[in-house]
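The next block is target10.pdb, given as PDB, C-alpha atoms.
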```pdb
ATOM      1  CA  MET B   1      16.016  -8.930 179.319
ATOM      2  CA  PRO B   2      15.577 -12.074 177.198
ATOM      3  CA  ALA B   3      13.049 -14.429 178.728
ATOM      4  CA  SER B   4      13.776 -18.114 179.046
ATOM      5  CA  VAL B   5      11.087 -20.346 177.567
ATOM      6  CA  ASP B   6      10.440 -24.058 177.763
ATOM      7  CA  ARG B   7       9.607 -26.353 174.872
ATOM      8  CA  VAL B   8       5.855 -25.896 175.098
ATOM      9  CA  GLU B   9       6.066 -22.121 175.205
ATOM     10  CA  MET B  10       8.577 -22.140 172.370
ATOM     11  CA  GLN B  11       6.249 -24.190 170.177
ATOM     12  CA  ARG B  12       3.412 -21.799 170.992
ATOM     13  CA  LEU B  13       5.528 -18.795 170.039
ATOM     14  CA  ILE B  14       6.587 -20.404 166.761
ATOM     15  CA  ALA B  15       2.983 -21.170 165.909
ATOM     16  CA  ALA B  16       2.268 -17.503 166.559
ATOM     17  CA  GLY B  17       4.980 -16.401 164.121
ATOM     18  CA  ALA B  18       8.247 -16.299 166.070
ATOM     19  CA  GLN B  19      11.566 -17.010 164.319
ATOM     20  CA  LEU B  20      13.683 -19.864 165.662
ATOM     21  CA  VAL B  21      17.466 -19.459 165.486
ATOM     22  CA  GLU B  22      20.219 -21.961 166.228
ATOM     23  CA  VAL B  23      23.450 -20.273 167.348
ATOM     24  CA  LEU B  24      25.742 -23.326 167.270
ATOM     25  CA  PRO B  25      28.593 -23.674 164.744
ATOM     26  CA  GLU B  26      27.927 -24.541 161.105
ATOM     27  CA  ASP B  27      28.717 -28.262 161.334
ATOM     28  CA  GLU B  28      26.359 -28.814 164.236
ATOM     29  CA  TYR B  29      23.570 -26.943 162.515
ATOM     30  CA  THR B  30      24.107 -28.833 159.259
ATOM     31  CA  GLU B  31      24.058 -32.173 161.011
ATOM     32  CA  GLU B  32      20.868 -31.555 162.916
ATOM     33  CA  HIS B  33      18.654 -28.646 163.817
ATOM     34  CA  LEU B  34      15.100 -28.044 164.912
ATOM     35  CA  PRO B  35      12.534 -27.908 162.108
ATOM     36  CA  GLY B  36      12.559 -24.573 160.334
ATOM     37  CA  ALA B  37      15.384 -23.135 162.439
ATOM     38  CA  LEU B  38      17.500 -20.375 160.951
ATOM     39  CA  HIS B  39      21.252 -20.262 161.568
ATOM     40  CA  LEU B  40      23.269 -17.494 163.206
ATOM     41  CA  PRO B  41      26.476 -18.817 164.794
ATOM     42  CA  LEU B  42      27.295 -16.926 167.965
ATOM     43  CA  LYS B  43      30.944 -16.635 166.999
ATOM     44  CA  SER B  44      30.075 -14.607 163.931
ATOM     45  CA  LEU B  45      26.965 -12.877 165.239
ATOM     46  CA  THR B  46      26.942  -9.211 164.279
ATOM     47  CA  ARG B  47      24.193  -6.694 163.666
ATOM     48  CA  ALA B  48      24.707  -7.155 159.928
ATOM     49  CA  SER B  49      24.625 -10.940 160.034
ATOM     50  CA  ALA B  50      21.477 -10.860 162.143
ATOM     51  CA  ASP B  51      19.771  -8.365 159.854
ATOM     52  CA  ALA B  52      20.607 -10.549 156.868
ATOM     53  CA  VAL B  53      18.754 -13.500 158.374
ATOM     54  CA  LEU B  54      16.083 -12.199 160.735
ATOM     55  CA  ASP B  55      12.857 -10.270 160.363
ATOM     56  CA  ARG B  56      12.813  -7.423 162.896
ATOM     57  CA  SER B  57       9.043  -7.419 163.002
ATOM     58  CA  ARG B  58       8.797 -10.911 164.475
ATOM     59  CA  PRO B  59       9.838 -12.319 167.864
ATOM     60  CA  VAL B  60      13.100 -14.263 167.957
ATOM     61  CA  ILE B  61      13.845 -17.476 169.855
ATOM     62  CA  VAL B  62      17.455 -18.602 170.129
ATOM     63  CA  TYR B  63      18.776 -21.979 171.216
ATOM     64  CA  CYS B  64      22.033 -23.898 171.419
ATOM     65  CA  TRP B  65      22.761 -27.436 172.641
ATOM     66  CA  ASP B  66      21.748 -27.278 176.299
ATOM     67  CA  ALA B  67      21.665 -25.011 179.322
ATOM     68  CA  LEU B  68      25.296 -25.602 180.304
TER      69      LEU B  68
ATOM     70  CA  MET T  69      25.842 -19.945 174.499
ATOM     71  CA  SER T  70      22.212 -19.094 173.715
ATOM     72  CA  PRO T  71      21.847 -16.585 176.601
ATOM     73  CA  ARG T  72      24.752 -14.570 175.168
ATOM     74  CA  ALA T  73      23.217 -14.700 171.697
ATOM     75  CA  ALA T  74      19.880 -13.565 173.098
ATOM     76  CA  TRP T  75      21.494 -10.624 174.881
ATOM     77  CA  ARG T  76      23.380  -9.621 171.725
ATOM     78  CA  LEU T  77      20.262  -9.723 169.575
ATOM     79  CA  GLU T  78      18.441  -7.638 172.134
ATOM     80  CA  ARG T  79      21.297  -5.142 172.037
ATOM     81  CA  PHE T  80      20.921  -5.035 168.245
ATOM     82  CA  GLY T  81      17.338  -3.914 168.773
ATOM     83  CA  TYR T  82      15.447  -7.154 168.319
ATOM     84  CA  ASP T  83      12.421  -7.331 170.585
ATOM     85  CA  PRO T  84      11.216  -9.580 171.998
ATOM     86  CA  VAL T  85      14.011 -12.142 172.158
ATOM     87  CA  TYR T  86      13.476 -15.470 173.906
ATOM     88  CA  ASP T  87      15.956 -18.110 174.949
ATOM     89  CA  TYR T  88      15.031 -21.791 174.659
ATOM     90  CA  SER T  89      17.764 -22.364 177.173
ATOM     91  CA  VAL T  90      17.501 -26.140 177.569
ATOM     92  CA  GLY T  91      18.153 -26.279 173.856
ATOM     93  CA  LYS T  92      18.482 -28.954 171.227
ATOM     94  CA  VAL T  93      19.118 -31.739 173.708
ATOM     95  CA  ASP T  94      15.729 -31.125 175.326
ATOM     96  CA  TRP T  95      14.030 -31.273 171.935
ATOM     97  CA  LEU T  96      15.794 -34.507 171.022
ATOM     98  CA  ALA T  97      15.082 -36.040 174.405
ATOM     99  CA  ALA T  98      11.399 -35.458 173.780
ATOM    100  CA  GLY T  99      11.634 -37.545 170.615
ATOM    101  CA  LEU T 100      10.638 -34.689 168.333
ATOM    102  CA  PRO T 101      11.637 -34.536 164.651
ATOM    103  CA  THR T 102      14.653 -32.622 163.392
ATOM    104  CA  GLU T 103      16.171 -31.560 160.085
ATOM    105  CA  GLY T 104      19.717 -31.974 158.814
ATOM    106  CA  THR T 105      22.151 -34.437 157.292
ATOM    107  CA  GLY T 106      23.105 -36.391 160.408
ATOM    108  CA  ASP T 107      22.352 -40.072 161.010
ATOM    109  CA  ARG T 108      19.712 -40.479 163.722
ATOM    110  CA  SER T 109      19.264 -44.249 163.372
ATOM    111  CA  GLY T 110      21.368 -45.096 166.419
ATOM    112  CA  ARG T 111      19.035 -43.499 168.921
ATOM    113  CA  VAL T 112      16.565 -45.118 171.258
ATOM    114  CA  GLY T 113      13.724 -43.066 169.826
ATOM    115  CA  ASN T 114      14.302 -44.550 166.400
ATOM    116  CA  VAL T 115      13.314 -48.067 167.468
ATOM    117  CA  MET T 116      11.096 -47.591 170.483
ATOM    118  CA  ASP T 117       7.739 -49.322 170.548
ATOM    119  CA  ARG T 118       5.115 -46.572 170.646
ATOM    120  CA  SER T 119       2.207 -48.981 170.945
ATOM    121  CA  VAL T 120       2.895 -50.115 174.503
ATOM    122  CA  PRO T 121      -0.358 -50.616 176.473
ATOM    123  CA  THR T 122      -1.202 -48.042 179.121
ATOM    124  CA  CYS T 123      -3.700 -47.720 181.920
ATOM    125  CA  GLY T 124      -4.666 -45.218 184.570
ATOM    126  CA  PRO T 125      -3.764 -45.583 188.249
ATOM    127  CA  ASP T 126      -7.412 -46.146 189.235
ATOM    128  CA  ASP T 127      -8.081 -48.807 186.609
ATOM    129  CA  GLY T 128      -8.909 -52.214 188.006
ATOM    130  CA  VAL T 129      -6.201 -54.764 187.394
ATOM    131  CA  THR T 130      -8.720 -57.353 186.281
ATOM    132  CA  ASP T 131     -10.045 -54.953 183.665
ATOM    133  CA  VAL T 132      -6.549 -54.069 182.517
ATOM    134  CA  VAL T 133      -5.615 -57.718 182.085
ATOM    135  CA  ALA T 134      -8.822 -58.327 180.158
ATOM    136  CA  ARG T 135      -8.020 -55.391 177.892
ATOM    137  CA  VAL T 136      -4.299 -55.814 177.195
ATOM    138  CA  GLY T 137      -3.556 -59.401 178.182
ATOM    139  CA  PRO T 138      -0.726 -60.668 180.395
ATOM    140  CA  GLN T 139       1.982 -58.287 179.280
ATOM    141  CA  LEU T 140       3.780 -55.108 180.221
ATOM    142  CA  CYS T 141       1.504 -52.131 180.825
ATOM    143  CA  ILE T 142       2.570 -48.624 181.744
ATOM    144  CA  VAL T 143       0.558 -46.712 184.335
ATOM    145  CA  VAL T 144       0.184 -43.064 183.339
ATOM    146  CA  ASN T 145      -1.806 -40.148 184.662
ATOM    147  CA  GLU T 146      -4.163 -37.932 182.681
ATOM    148  CA  ARG T 147      -1.183 -35.987 181.297
ATOM    149  CA  GLY T 148       0.618 -39.110 180.137
ATOM    150  CA  ILE T 149       3.196 -38.914 182.911
ATOM    151  CA  VAL T 150       4.693 -42.294 183.791
ATOM    152  CA  LEU T 151       3.642 -43.317 187.289
ATOM    153  CA  GLY T 152       4.583 -46.968 187.317
ATOM    154  CA  ARG T 153       4.831 -50.248 185.497
ATOM    155  CA  LEU T 154       2.564 -53.263 185.645
ATOM    156  CA  ARG T 155       3.940 -56.684 184.930
ATOM    157  CA  LEU T 156       0.612 -58.314 184.361
ATOM    158  CA  ASP T 157       2.165 -61.717 183.771
ATOM    159  CA  ARG T 158       3.477 -61.696 187.333
ATOM    160  CA  LEU T 159       0.232 -60.858 189.117
ATOM    161  CA  ALA T 160      -1.834 -63.453 190.915
ATOM    162  CA  ASP T 161      -5.143 -64.287 189.287
ATOM    163  CA  GLY T 162      -8.281 -62.658 190.579
ATOM    164  CA  GLU T 163      -6.667 -59.649 192.176
ATOM    165  CA  ALA T 164      -9.439 -57.062 192.441
ATOM    166  CA  ARG T 165      -7.151 -54.132 193.014
ATOM    167  CA  THR T 166      -6.208 -50.991 191.158
ATOM    168  CA  ALA T 167      -3.201 -50.531 188.946
ATOM    169  CA  GLU T 168      -1.718 -48.147 191.467
ATOM    170  CA  ASP T 169      -1.978 -50.794 194.198
ATOM    171  CA  VAL T 170       0.148 -53.309 192.356
ATOM    172  CA  MET T 171       2.355 -51.261 190.033
ATOM    173  CA  GLU T 172       6.093 -50.918 190.379
ATOM    174  CA  PRO T 173       6.401 -47.201 191.120
ATOM    175  CA  GLY T 174       9.100 -44.985 189.647
ATOM    176  CA  PRO T 175      10.428 -47.302 186.950
ATOM    177  CA  ALA T 176      13.672 -46.394 185.234
ATOM    178  CA  THR T 177      13.292 -44.384 182.048
ATOM    179  CA  VAL T 178      15.542 -43.277 179.211
ATOM    180  CA  ARG T 179      15.336 -40.354 176.834
ATOM    181  CA  ALA T 180      14.638 -40.783 173.125
ATOM    182  CA  ASN T 181      17.997 -39.282 172.132
ATOM    183  CA  GLU T 182      20.108 -41.751 174.114
ATOM    184  CA  ASP T 183      22.466 -44.041 172.237
ATOM    185  CA  LEU T 184      20.676 -47.253 171.302
ATOM    186  CA  ALA T 185      23.692 -49.554 171.424
ATOM    187  CA  GLU T 186      24.739 -48.315 174.864
ATOM    188  CA  THR T 187      21.188 -48.573 176.160
ATOM    189  CA  LEU T 188      20.769 -52.140 174.918
ATOM    190  CA  GLU T 189      24.106 -53.122 176.414
ATOM    191  CA  ARG T 190      23.089 -51.611 179.749
ATOM    192  CA  MET T 191      19.809 -53.525 179.585
ATOM    193  CA  ARG T 192      21.597 -56.798 178.884
ATOM    194  CA  THR T 193      24.052 -56.226 181.722
ATOM    195  CA  ARG T 194      21.233 -55.539 184.147
ATOM    196  CA  LYS T 195      19.014 -58.240 182.660
ATOM    197  CA  VAL T 196      16.292 -55.747 181.845
ATOM    198  CA  GLY T 197      13.842 -56.876 179.175
ATOM    199  CA  SER T 198      12.284 -53.515 178.460
ATOM    200  CA  LEU T 199      12.882 -49.901 179.334
ATOM    201  CA  ILE T 200      10.435 -47.017 179.290
ATOM    202  CA  VAL T 201      11.209 -44.040 177.046
ATOM    203  CA  SER T 202       9.878 -40.719 178.287
ATOM    204  CA  THR T 203      10.303 -37.006 177.702
ATOM    205  CA  PRO T 204      12.362 -34.979 180.196
ATOM    206  CA  GLU T 205       9.037 -34.105 181.852
ATOM    207  CA  GLY T 206       8.177 -37.780 182.294
ATOM    208  CA  VAL T 207       5.604 -38.141 179.523
ATOM    209  CA  LEU T 208       5.524 -41.654 178.094
ATOM    210  CA  LEU T 209       6.869 -41.946 174.542
ATOM    211  CA  GLY T 210       7.248 -45.705 174.242
ATOM    212  CA  VAL T 211       9.289 -48.704 175.307
ATOM    213  CA  VAL T 212      12.574 -50.049 174.030
ATOM    214  CA  HIS T 213      12.853 -53.836 174.143
ATOM    215  CA  ALA T 214      16.091 -55.710 174.709
ATOM    216  CA  ASP T 215      15.090 -58.254 172.084
ATOM    217  CA  GLY T 216      14.266 -57.211 168.583
ATOM    218  CA  ASN T 217      15.777 -53.769 168.790
ATOM    219  CA  GLU T 218      19.252 -54.349 167.581
ATOM    220  CA  PRO T 219      21.314 -51.266 166.774
ATOM    221  CA  PRO T 220      21.995 -50.698 163.083
ATOM    222  CA  THR T 221      25.197 -52.195 161.712
ATOM    223  CA  GLY T 222      27.545 -50.820 159.152
TER     224      GLY T 222
END
```
Would you kindly transcribe this structure into structure tokens?
Amino acid sequence: MPASVDRVEMQRLIAAGAQLVEVLPEDEYTEEHLPGALHLPLKSLTRASADAVLDRSRPVIVYCWDAL
Amino acid sequence: MSPRAAWRLERFGYDPVYDYSVGKVDWLAAGLPTEGTGDRSGRVGNVMDRSVPTCGPDDGVTDVVARVGPQLCIVVNERGIVLGRLRLDRLADGEARTAEDVMEPGPATVRANEDLAETLERMRTRKVGSLIVSTPEGVLLGVVHADGNEPPTG
């Protein structure tokens, strides 16, 4: 079960090597994203698209706009 | 959206997968830097005054006045959480009390990602000269002033 993390924990995980992934659409990612974030839009998220972007050996943190 | 993405990635075999569920808006509200092509100049965080004087709740008012002069001072705890606001220009001389005794508790705050033009208009309507900018957790980031912080034009 994916664990929810707050900003402080997220920053700690990134410092420890986690990958940060924005799952919003292309235009929103292009306009503004968190530093170093990769992009995997939810609407086109498949095993192949994930494997093309992510490193399976490292933890993954996903985010979108807010909790709603 | 991100919980569904997290579940899908976990199903694809990624482990561990975490969800920063409060998302980009939380990051922006904390005044943290971002990347991308968008224009961020119209946000409160872009013009806020980060050098606003602060003091602790147990600091003597006389000492605070001596240190920062008769101006706005934000009372924060050891974690930087906003506790109150001191309007040192409105205090009677010689008050030997603590900041906590005379502060205005629970002052209004705004987030760094709020629209600057709307915030300034709200301040003018309510005749507010300055407004505290804090993170969603209440940590002081700075102050936005009604004067001298005009939104960008054009």
How would you write, as a compact mmCIF listing (two decimals) with C-alpha atoms, keeping the file's coordinate frame, the residues chosen by the ChimeraX specification (/B :<6) & /T on this structure?
```
# COMPACT_ATOMS: atom_id res chain seq x y z
CA SER T 70 22.21 -19.09 173.72
CA ALA T 73 23.22 -14.70 171.70
CA PHE T 80 20.92 -5.04 168.24
CA PRO T 84 11.22 -9.58 172.00
CA VAL T 85 14.01 -12.14 172.16
CA TYR T 86 13.48 -15.47 173.91
CA ASP T 87 15.96 -18.11 174.95
CA TYR T 88 15.03 -21.79 174.66
CA SER T 89 17.76 -22.36 177.17
CA VAL T 90 17.50 -26.14 177.57
CA GLY T 91 18.15 -26.28 173.86
CA LYS T 92 18.48 -28.95 171.23
CA VAL T 93 19.12 -31.74 173.71
CA THR T 102 14.65 -32.62 163.39
CA GLU T 103 16.17 -31.56 160.08
CA GLY T 104 19.72 -31.97 158.81
CA THR T 105 22.15 -34.44 157.29
CA GLY T 106 23.10 -36.39 160.41
```
- Message: I need the output of the PyMOL selection byres ((chain T and resi 111-118) around 9) for this file as number ranges by chain; which residues are they?
- Response: T: 96-99, 108-110, 119-121, 178-185, 187-188, 200-201, 208-213, 217-219
- Item | Exercise: region 143-156 of chain T partners within 6 Å, all atoms listed in the file, chain neighbours under 6 positions left out, as an MDAnalysis selection string | chainID T and resid 122:125 171:175 206:208
- Query: Expressed in Å to a single decimal, how great is the separation between CA of Ala16 (chain B) and CA of Trp95 (chain T)?
  - Reply: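 Distance reported for this atom pair: 18.9 Å.
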- Atom pair CA of Ser202 (chain T) / CA of Leu159 (chain T): separation (Å):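 Rounded to one decimal, the two atoms are 24.8 Å apart.
The interatomic distance for the pair CA of Thr193 (chain T) and CA of Gly137 (chain T) works out to 28.0 Å.
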- Which one of T:Val136, T:Leu199, T:Met69, T:Ile142 sits closest to Val170 (chain T) if you count all atoms listed in the file? T:Ile142
Centre, edges in Å (one decimal): axis-aligned box, region 5-9 of chain B, 5 Å padding on all six sides, as AutoDock Vina command-line options:
```
--center_x 8.5 --center_y -23.3 --center_z 176.3 --size_x 15.2 --size_y 16.0 --size_z 12.9
```
- Item | Minimum-distance residue to Gly197 (chain T), chosen among T:Asp94, T:Cys141, T:Glu168, T:Ala214 (using all atoms listed in the file) |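 Of the candidates, the smallest distance to Gly197 (chain T) is held by T:Ala214.
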Completion step: region 36-47 of chain B with all heavy atoms as a PDB file, in the frame of the given file:
```pdb
ATOM      1  N   GLY B  36      12.769 -25.959 160.717  1.00  0.00           N
ATOM      2  CA  GLY B  36      12.559 -24.573 160.334  1.00  0.00           C
ATOM      3  C   GLY B  36      13.515 -23.579 160.962  1.00  0.00           C
ATOM      4  O   GLY B  36      13.389 -22.368 160.705  1.00  0.00           O
ATOM      5  N   ALA B  37      14.481 -24.061 161.749  1.00  0.00           N
ATOM      6  CA  ALA B  37      15.384 -23.135 162.439  1.00  0.00           C
ATOM      7  C   ALA B  37      16.314 -22.423 161.454  1.00  0.00           C
ATOM      8  O   ALA B  37      16.845 -23.041 160.528  1.00  0.00           O
ATOM      9  CB  ALA B  37      16.205 -23.886 163.479  1.00  0.00           C
ATOM     10  N   LEU B  38      16.506 -21.143 161.691  1.00  0.00           N
ATOM     11  CA  LEU B  38      17.500 -20.375 160.951  1.00  0.00           C
ATOM     12  C   LEU B  38      18.849 -20.572 161.626  1.00  0.00           C
ATOM     13  O   LEU B  38      18.929 -21.150 162.713  1.00  0.00           O
ATOM     14  CB  LEU B  38      17.108 -18.893 160.942  1.00  0.00           C
ATOM     15  CG  LEU B  38      15.716 -18.585 160.381  1.00  0.00           C
ATOM     16  CD1 LEU B  38      15.322 -17.142 160.678  1.00  0.00           C
ATOM     17  CD2 LEU B  38      15.666 -18.877 158.898  1.00  0.00           C
ATOM     18  N   HIS B  39      19.926 -20.050 161.000  1.00  0.00           N
ATOM     19  CA  HIS B  39      21.252 -20.262 161.568  1.00  0.00           C
ATOM     20  C   HIS B  39      22.015 -18.957 161.700  1.00  0.00           C
ATOM     21  O   HIS B  39      22.200 -18.233 160.710  1.00  0.00           O
ATOM     22  CB  HIS B  39      22.045 -21.238 160.688  1.00  0.00           C
ATOM     23  CG  HIS B  39      23.338 -21.651 161.314  1.00  0.00           C
ATOM     24  ND1 HIS B  39      24.503 -21.802 160.589  1.00  0.00           N
ATOM     25  CD2 HIS B  39      23.653 -21.921 162.600  1.00  0.00           C
ATOM     26  CE1 HIS B  39      25.468 -22.175 161.404  1.00  0.00           C
ATOM     27  NE2 HIS B  39      24.988 -22.246 162.632  1.00  0.00           N
ATOM     28  N   LEU B  40      22.438 -18.666 162.925  1.00  0.00           N
ATOM     29  CA  LEU B  40      23.269 -17.494 163.206  1.00  0.00           C
ATOM     30  C   LEU B  40      24.300 -17.902 164.250  1.00  0.00           C
ATOM     31  O   LEU B  40      24.053 -17.804 165.448  1.00  0.00           O
ATOM     32  CB  LEU B  40      22.419 -16.351 163.783  1.00  0.00           C
ATOM     33  CG  LEU B  40      21.721 -15.403 162.831  1.00  0.00           C
ATOM     34  CD1 LEU B  40      20.834 -14.439 163.618  1.00  0.00           C
ATOM     35  CD2 LEU B  40      22.746 -14.627 162.005  1.00  0.00           C
ATOM     36  N   PRO B  41      25.465 -18.368 163.811  1.00  0.00           N
ATOM     37  CA  PRO B  41      26.476 -18.817 164.794  1.00  0.00           C
ATOM     38  C   PRO B  41      26.881 -17.670 165.720  1.00  0.00           C
ATOM     39  O   PRO B  41      27.132 -16.547 165.253  1.00  0.00           O
ATOM     40  CB  PRO B  41      27.650 -19.254 163.912  1.00  0.00           C
ATOM     41  CG  PRO B  41      27.096 -19.399 162.541  1.00  0.00           C
ATOM     42  CD  PRO B  41      25.928 -18.491 162.438  1.00  0.00           C
ATOM     43  N   LEU B  42      26.949 -17.969 166.996  1.00  0.00           N
ATOM     44  CA  LEU B  42      27.295 -16.926 167.965  1.00  0.00           C
ATOM     45  C   LEU B  42      28.646 -16.294 167.646  1.00  0.00           C
ATOM     46  O   LEU B  42      28.825 -15.075 167.781  1.00  0.00           O
ATOM     47  CB  LEU B  42      27.311 -17.516 169.380  1.00  0.00           C
ATOM     48  CG  LEU B  42      27.757 -16.567 170.485  1.00  0.00           C
ATOM     49  CD1 LEU B  42      26.796 -15.384 170.604  1.00  0.00           C
ATOM     50  CD2 LEU B  42      27.867 -17.294 171.812  1.00  0.00           C
ATOM     51  N   LYS B  43      29.584 -17.132 167.221  1.00  0.00           N
ATOM     52  CA  LYS B  43      30.944 -16.635 166.999  1.00  0.00           C
ATOM     53  C   LYS B  43      31.029 -15.612 165.867  1.00  0.00           C
ATOM     54  O   LYS B  43      32.004 -14.867 165.780  1.00  0.00           O
ATOM     55  CB  LYS B  43      31.904 -17.804 166.730  1.00  0.00           C
ATOM     56  CG  LYS B  43      32.216 -18.617 167.983  1.00  0.00           C
ATOM     57  CD  LYS B  43      33.297 -19.632 167.731  1.00  0.00           C
ATOM     58  CE  LYS B  43      33.630 -20.417 168.982  1.00  0.00           C
ATOM     59  NZ  LYS B  43      34.156 -19.561 170.054  1.00  0.00           N
ATOM     60  N   SER B  44      30.060 -15.594 165.011  1.00  0.00           N
ATOM     61  CA  SER B  44      30.075 -14.607 163.931  1.00  0.00           C
ATOM     62  C   SER B  44      28.826 -13.729 163.952  1.00  0.00           C
ATOM     63  O   SER B  44      28.449 -13.154 162.937  1.00  0.00           O
ATOM     64  CB  SER B  44      30.215 -15.311 162.575  1.00  0.00           C
ATOM     65  OG  SER B  44      29.178 -16.247 162.393  1.00  0.00           O
ATOM     66  N   LEU B  45      28.213 -13.637 165.119  1.00  0.00           N
ATOM     67  CA  LEU B  45      26.965 -12.877 165.239  1.00  0.00           C
ATOM     68  C   LEU B  45      27.249 -11.378 165.323  1.00  0.00           C
ATOM     69  O   LEU B  45      27.860 -10.892 166.274  1.00  0.00           O
ATOM     70  CB  LEU B  45      26.199 -13.338 166.487  1.00  0.00           C
ATOM     71  CG  LEU B  45      24.890 -12.600 166.790  1.00  0.00           C
ATOM     72  CD1 LEU B  45      23.922 -12.702 165.619  1.00  0.00           C
ATOM     73  CD2 LEU B  45      24.255 -13.166 168.056  1.00  0.00           C
ATOM     74  N   THR B  46      26.826 -10.668 164.306  1.00  0.00           N
ATOM     75  CA  THR B  46      26.942  -9.211 164.279  1.00  0.00           C
ATOM     76  C   THR B  46      25.573  -8.634 163.919  1.00  0.00           C
ATOM     77  O   THR B  46      24.671  -9.373 163.500  1.00  0.00           O
ATOM     78  CB  THR B  46      27.956  -8.754 163.213  1.00  0.00           C
ATOM     79  OG1 THR B  46      27.474  -9.156 161.928  1.00  0.00           O
ATOM     80  CG2 THR B  46      29.334  -9.370 163.462  1.00  0.00           C
ATOM     81  N   ARG B  47      25.442  -7.332 164.058  1.00  0.00           N
ATOM     82  CA  ARG B  47      24.193  -6.694 163.666  1.00  0.00           C
ATOM     83  C   ARG B  47      23.879  -6.984 162.191  1.00  0.00           C
ATOM     84  O   ARG B  47      22.738  -7.277 161.830  1.00  0.00           O
ATOM     85  CB  ARG B  47      24.289  -5.179 163.898  1.00  0.00           C
ATOM     86  CG  ARG B  47      22.977  -4.438 163.710  1.00  0.00           C
ATOM     87  CD  ARG B  47      23.198  -2.939 163.854  1.00  0.00           C
ATOM     88  NE  ARG B  47      23.806  -2.587 165.126  1.00  0.00           N
ATOM     89  CZ  ARG B  47      23.129  -2.267 166.235  1.00  0.00           C
ATOM     90  NH1 ARG B  47      21.811  -2.255 166.200  1.00  0.00           N
ATOM     91  NH2 ARG B  47      23.765  -1.955 167.349  1.00  0.00           N
TER      92      ARG B  47
END
```
